[in-house]
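Undergrad: Dumping the structure here so I can ask a few things about it.
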Amino acid sequence: MKATAAILYDVKEPLVVEDVELLEPGPHEVLVRFAANGVCHSDLHVMTGDYPHPLPVVLGHEAAGIVERVGAGVESVKPGDHVCSSYIPSCGRCWYCINGRPTLCALRDKPRYFLLDGTTRLRKDGRPLHHFLQVSGYATHGVLLEEGVIPIRRDAPLDVVCLVSCGVLAGAGPVMNCAKVPPGASVAVFGCGGVGLNTIQAARLVGASKIIAVDVMANKLRWAEEFGATHAVDASKEDPVARIAAIAGRGGVDYAFEVVGTQQTIEQALASTHRGGMTVVVGVCPAGTRLAIDPTMFLQQRILTGTSFGGGHQRTDVPMLIDLFMDGKYKLTELISRRLPLGEINHAFDLMRQGEVKRSVIVYE
Ligand SMILES: [Zn+2]
Ligand SMILES: [Zn+2]
């Protein structure tokens, strides 16, 4: 069948929106008509070459849509079901899944630019196009793994809840699943864009006392306060580590979350925790990034760890966050600064580069 997709042919070049051929779903694969896909920094990392990836590729990994057809043997979804994409699949059978850590599923070891049989379902003029994280949501339709779609309630607006498929869970999950921030704790969040705002929002939800937002852009610090930050620190104007220590007392915060993805901000986040504090890395660093850390930090029992896709149970965390949103307890609509058609996708990335938007969403008719 035909679909329209945004293709990256070369790094540092604009995406090209054109018709492509989509092959039928194979066994344990699902054909999804996408309703929307959020614009995420991880796509931009591929476009800039910071995150090397086979080309050409159809990017996009923050999608929601409706199942149109299923391949042989698919049991967990059926045509008409509403789904979020799961850019980390969970098979339910591997050692990680069985041990309750499905965001580490063994399927991550397979190349994520092919489906599980080592081929793609996307073609342009007979030439294969790579998938991205087995989602490729910058397209009107996609073929995904059964393990890579999460059924969700039908009354949730797909052009809003698509955000849960990456940025929202990636930001909120570490607070609940990894750090397990208790009520009254002090928290610092480095980076207040479309992901970090969810870290802030989750910290508010679990009852953190001090939520210290750190960024270098005044507009992002304003957003942070709207999403629950109690303090804002402009790292372009003052040393965030010293300022956090002064606000939190005890020499630093209980928990720091790094949602930027640079050496400097990870090192600052670690330094902003007190002895025994925990730092969780959420930001995706360009390939080749290295840290310089004084090991004394670890003798003082600081913990440095990280997560992807929230570090919990994506198949229950995604519907849980959607339920909170539908109950009015979690802000999603407010995360969306712009809604754009696929034809304006390059403009959406320009807006992201300029730091002008919390999140943009590409919407399909
Ligand atoms: Zn993402
Ligand atoms: Zn698994």
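Scheme for the structure tokens: letters A, B, ... for chains in order shown; per-chain residue numbers from 1; ligand numbers from 1 in order shown.
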List all protein, DNA and RNA residues that have any atom at most 8 Å from ligand 2, counting only C-alpha atoms and all ligand atoms, and write the list as a CSV table (one decimal) with C-alpha atoms, in the first residue's frame.

TA:
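The resulting file, pocket.csv, is reproduced below:
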chain,number,residue,atom,x,y,z
A,89,PRO,CA,9.5,-3.2,22.7
A,90,SER,CA,8.7,-5.7,25.4
A,91,CYS,CA,8.4,-9.4,24.5
A,92,GLY,CA,7.2,-10.6,27.9
A,93,ARG,CA,9.4,-13.7,27.6
A,94,CYS,CA,13.1,-12.8,27.8
A,95,TRP,CA,15.1,-12.8,31.0
A,96,TYR,CA,14.7,-9.0,31.5
A,97,CYS,CA,10.9,-9.0,30.9
A,98,ILE,CA,10.4,-12.0,33.2
A,102,PRO,CA,10.7,-4.8,30.3
A,104,LEU,CA,15.6,-3.5,29.1
A,105,CYS,CA,13.9,-6.2,26.9
A,106,ALA,CA,16.3,-8.5,24.9
A,107,LEU,CA,14.7,-7.2,21.7

Undergrad: Could you give me the residues within 9 Å of ligand 1, counting only C-alpha atoms and all ligand atoms, as a PyMOL selection string?

TA: chain A and resi 38-43+60-62+87+163+165-167+170+195+309

Undergrad: Can you check which residues of segment 94-201 of chain A DSSP gives as alpha helix (DSSP H) on the backbone and send them as a ChimeraX atom specification?

TA: /A:95-98,158-161,167-173,196-201

Undergrad: Neighbours of Leu340 of chain A within 9 Å (only C-alpha atoms; same-chain residues fewer than 2 positions away dropped), as a list in words?

TA: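 After dropping sequence-adjacent residues, the list is Arg338, Leu342, Gly343, Glu344, Ile345, His347, Ala348, Ser360, Val361, Ile362, Val363 and Tyr364 of chain A.
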
Undergrad: Grab the atom CA of Gly312 of chain A to atom CA of Val175 of chain A distance for me, in Å with one decimal place.

TA: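 We find that atom CA of Gly312 of chain A and atom CA of Val175 of chain A lie 10.2 Å from each other.
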
Undergrad: For segment 186-256 of chain A versus segment 264-287 of chain A, which residues have an atom no more than 6 Å away, and what is each residue's nearest atom pair and distance in Å rounded to one decimal, using only C-alpha atoms, chain-then-number order, as JSON lines?

TA:
{"residue": "A:Val241", "atom": "CA", "partner": "A:Ser272", "partner_atom": "CA", "distance": 4.9}
{"residue": "A:Gly251", "atom": "CA", "partner": "A:His274", "partner_atom": "CA", "distance": 5.1}
{"residue": "A:Gly252", "atom": "CA", "partner": "A:His274", "partner_atom": "CA", "distance": 4.3}
{"residue": "A:Val253", "atom": "CA", "partner": "A:Thr273", "partner_atom": "CA", "distance": 4.6}
{"residue": "A:Asp254", "atom": "CA", "partner": "A:Gly277", "partner_atom": "CA", "distance": 4.9}
{"residue": "A:Tyr255", "atom": "CA", "partner": "A:Met278", "partner_atom": "CA", "distance": 4.9}
{"residue": "A:Ala256", "atom": "CA", "partner": "A:Thr279", "partner_atom": "CA", "distance": 4.6}

Undergrad: Can I get the residues of segment 114-178 of chain A within 9 Å of segment 329-334 of chain A, each with the closest pair of atoms and their distance in Å to one decimal, using only C-alpha atoms, sorted chain first then ascending number, as CSV?

TA:
residue,atom,partner,partner_atom,distance
A:Val160,CA,A:Thr333,CA,6.1
A:Val161,CA,A:Leu332,CA,7.3
A:Leu163,CA,A:Leu332,CA,7.7
A:Val164,CA,A:Leu332,CA,8.5
A:Val168,CA,A:Leu332,CA,8.2

Undergrad: Output the selection as a PDB file, in the first residue's frame - N, CA and C atoms for each residue.

TA:
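Result written to again31.pdb:
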ATOM      1  N   VAL A 160      -2.909  14.026  21.308  1.00  0.00           N
ATOM      2  CA  VAL A 160      -2.335  14.499  22.575  1.00  0.00           C
ATOM      3  C   VAL A 160      -1.543  13.368  23.243  1.00  0.00           C
ATOM      4  N   VAL A 161      -2.164  12.198  23.337  1.00  0.00           N
ATOM      5  CA  VAL A 161      -1.519  11.126  24.110  1.00  0.00           C
ATOM      6  C   VAL A 161      -0.341  10.492  23.362  1.00  0.00           C
ATOM      7  N   LEU A 163       2.217  11.908  22.883  1.00  0.00           N
ATOM      8  CA  LEU A 163       3.390  12.392  23.625  1.00  0.00           C
ATOM      9  C   LEU A 163       3.849  11.416  24.698  1.00  0.00           C
ATOM     10  N   VAL A 164       2.914  10.598  25.189  1.00  0.00           N
ATOM     11  CA  VAL A 164       3.275   9.634  26.232  1.00  0.00           C
ATOM     12  C   VAL A 164       4.218   8.562  25.668  1.00  0.00           C
ATOM     13  N   VAL A 168       6.852  12.008  27.481  1.00  0.00           N
ATOM     14  CA  VAL A 168       6.133  12.083  28.759  1.00  0.00           C
ATOM     15  C   VAL A 168       6.582  10.956  29.691  1.00  0.00           C
TER      16      VAL A 168
END

Undergrad: What's the 10 Å shell around Phe34 of chain A, counting only C-alpha atoms, without same-chain residues fewer than 3 positions away, as a PyMOL selection string?

TA: chain A and resi 31+37+63-68+82-85+136-142+158-159+162+363-365

Undergrad: From the set A:Ala3, A:Thr230, A:Lys210, A:Asp10, which residue has the shortest atom-to-atom contact distance to His53 of chain A, counting only C-alpha atoms?

TA: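 Among the listed residues, A:Asp10 lies closest to His53 of chain A.
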